Each structure stands twice: as C-alpha cells, then as structure tokens.
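**Q** Take a look at the following structure, please.
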Amino acid sequence: MDTTATPPERTGRGRRRTGLVLAFALLAAVVGGLVIGVAMGGRNTGIFDGDPPPWASTLGAALCLLGLGVEIVAIVWAVRTGRYRAARRSPLTSLSWSHRRRLGRQIRRGTPEPDEDPALLVETARQAATQRWFVLAIAGLAMTSIGQAFLGFALFHAVIGGLLAVLWGVLIVLLLRGARQGKAFLRANPDLGGR
C-alpha cells in the first residue's frame with residue numbers, strides 16, 4: 001500500500017476564489033492607504049482633488065515610473081523575441097470572431113470537435129500557451145493605476161485606481177488560466193500537430 005498521497009488538484013472555482021480574494025485585498029490596500037494617508041497629514045479637499053502628503057506623492061510617482069518601466073520592458077521584450085510578430089502573422093487573424101470563440105471554447109474544454117481544422121486548433125492552443133508575457137505588461141498597468149491613485153489622493157482617484165487594479169488582476173488570472181489550458185490541450189492532443 002502506497003502511503004505517499006498526492007495532494008488533490010485545486011479546482012477552477014478555488015482558483016477563481018483565490019484570484020478574487022487577492023483582487024479585493026489589493027483594492028482594500030489602495031483605499032486603506034489613501035484613508036490612512038489622509039488621516040496622517042494629507043488634506044482631502046474634495047472628491048476629485050486631494051493634497052497628498054510627501055510620502056504619498058513619492059510613492060505614487062515611484063509606482064507610476066516603475067509601472068511604466070515594466071510596460072516598456074515587456075513590449076520591447078515581446079518585439080525582440082518575435083512573440084509580437086508571430087501573433088500578427090497568425091492564420092487566426094483572418095477568422096471571424098465567432099469562429100475564434102468556438103476554437104477557444106474547444107481549447108478550454110479540452111475536447112476538439114471532429115470537423116474542426118486541426119491546424120487552427122493547434123495555433124489557438126499555442127497562442128494561449130504563449131500569452132503569459134502579457135502578464136508583465138498588465139502588471140505594469142496595475143502599478144501605474146495604483147500610483148496614480150496615490151498621486152491624486154482623493155476618493156475619486158482611490159476608487160478608480162482600485163477598480164482598475166481589480167480589473168488588471170482579473171485579467172492576469174484569466175491570462176494565466178488560458179495559458180495553462182492551452183498547454184494542457186497541446187499535451188493531451190499531440191496527434192493534432194501531425195495531421
């Protein structure tokens with residue numbers, strides 16, 4: 001009898017719940033930081049206009065610059081490695097939106113339809129598996145959004161910055177999930193590439 005048990009795989013619902021918890025924690029951190037900052041020395045002169053204390057303006061400017069730098073690095077890296085051009089030359093760009101959605105659904109479910117073109121399925125799964133580089137650019141956007149919330153230092157900027165951070169967080173979770181599903185599809189259907 002084997003006493004070494006393998007841990008059960010997490011379900012998609014558990015991953016989504018973890019992503020939502022992280023996104024709401026990020027939103028709470030942004031709003032909480034602004035509230036604490038206002039209480040400790042910044043003046044909130046209105047819903048749209050705030051006067052940040054020096055630490056908040058320094059933190060906001062640093063986050064904006066760091067986020068911009070991360071975005072530039074991600075884009076330059078994607079262009080230099082050929083990932084950007086490979087996506088532009090894909091045969092999927094000439095397909096209709098509904099056909100691309102149908103291909104994506106087959107990749108997510110892991111069940112290719114018998115009448116589907118195998119080359120298009122493989123290309124869709126390959127693109128999904130290699131889209132992880134977008135996470136770096138989106139993380140840069142999230143940092144910039146949070147930095148702008150600290151620079152604005154008012155309720156409006158905190159809410160918009162928090163909502164954008166949640167949006168970027170959800171997008172990152174979806175991209176990583178799609179990359180995992182694309183890799184799993186390619187592993188489960190190695191015969192499609194040879195057809």
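Convention: chains lettered A, B, ... in structure tokens order; per-chain residue numbering from 1; ligands numbered from 1 as shown.
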If you count only C-alpha atoms, which residues fall within 12 Å of Tyr84 in chain A, apart from same-chain ones fewer than 3 positions away, as an NGL selection string?

**A** :A and (74-81 or 87-90 or 127 or 130-131 or 133-134)

**Q** Write down as a VMD selection string the residues of range 86-169 of chain A whose backbone DSSP state falls under helix (DSSP H, G or I).

**A** chain A and resid 86 to 88 91 to 94 97 to 109 118 to 129 131 to 152 155 to 169

**Q** Please provide as a list of chain:residue names all residues within 8 Å of Ala61 in chain A, with the sequence filter that same-chain residues fewer than 6 positions apart are discarded (counting only C-alpha atoms).

**A**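 The residues that qualify are A:Gly147, A:Gln148, A:Leu151.
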
**Q** May I ask which of the residues A:Ala86, A:Leu63, A:Leu68, A:Val122 is the closest one to Ile138 in chain A, counting only C-alpha atoms?

**A** A:Leu68

**Q** Name all residues at most 12 Å from Val135 in chain A (count only C-alpha atoms; drop same-chain ones fewer than 3 positions away) and give them as a ChimeraX atom specification.

**A** /A:70-71,74-75,78,130-132,138-142,168-179

**Q** At a cut-off of 9 Å, using only C-alpha atoms, what residues contact range 183-191 of chain A? Leave out same-chain residues fewer than 6 positions from it and give the result as a ChimeraX atom specification.

**A** /A:107-112,122,125-126,128-130
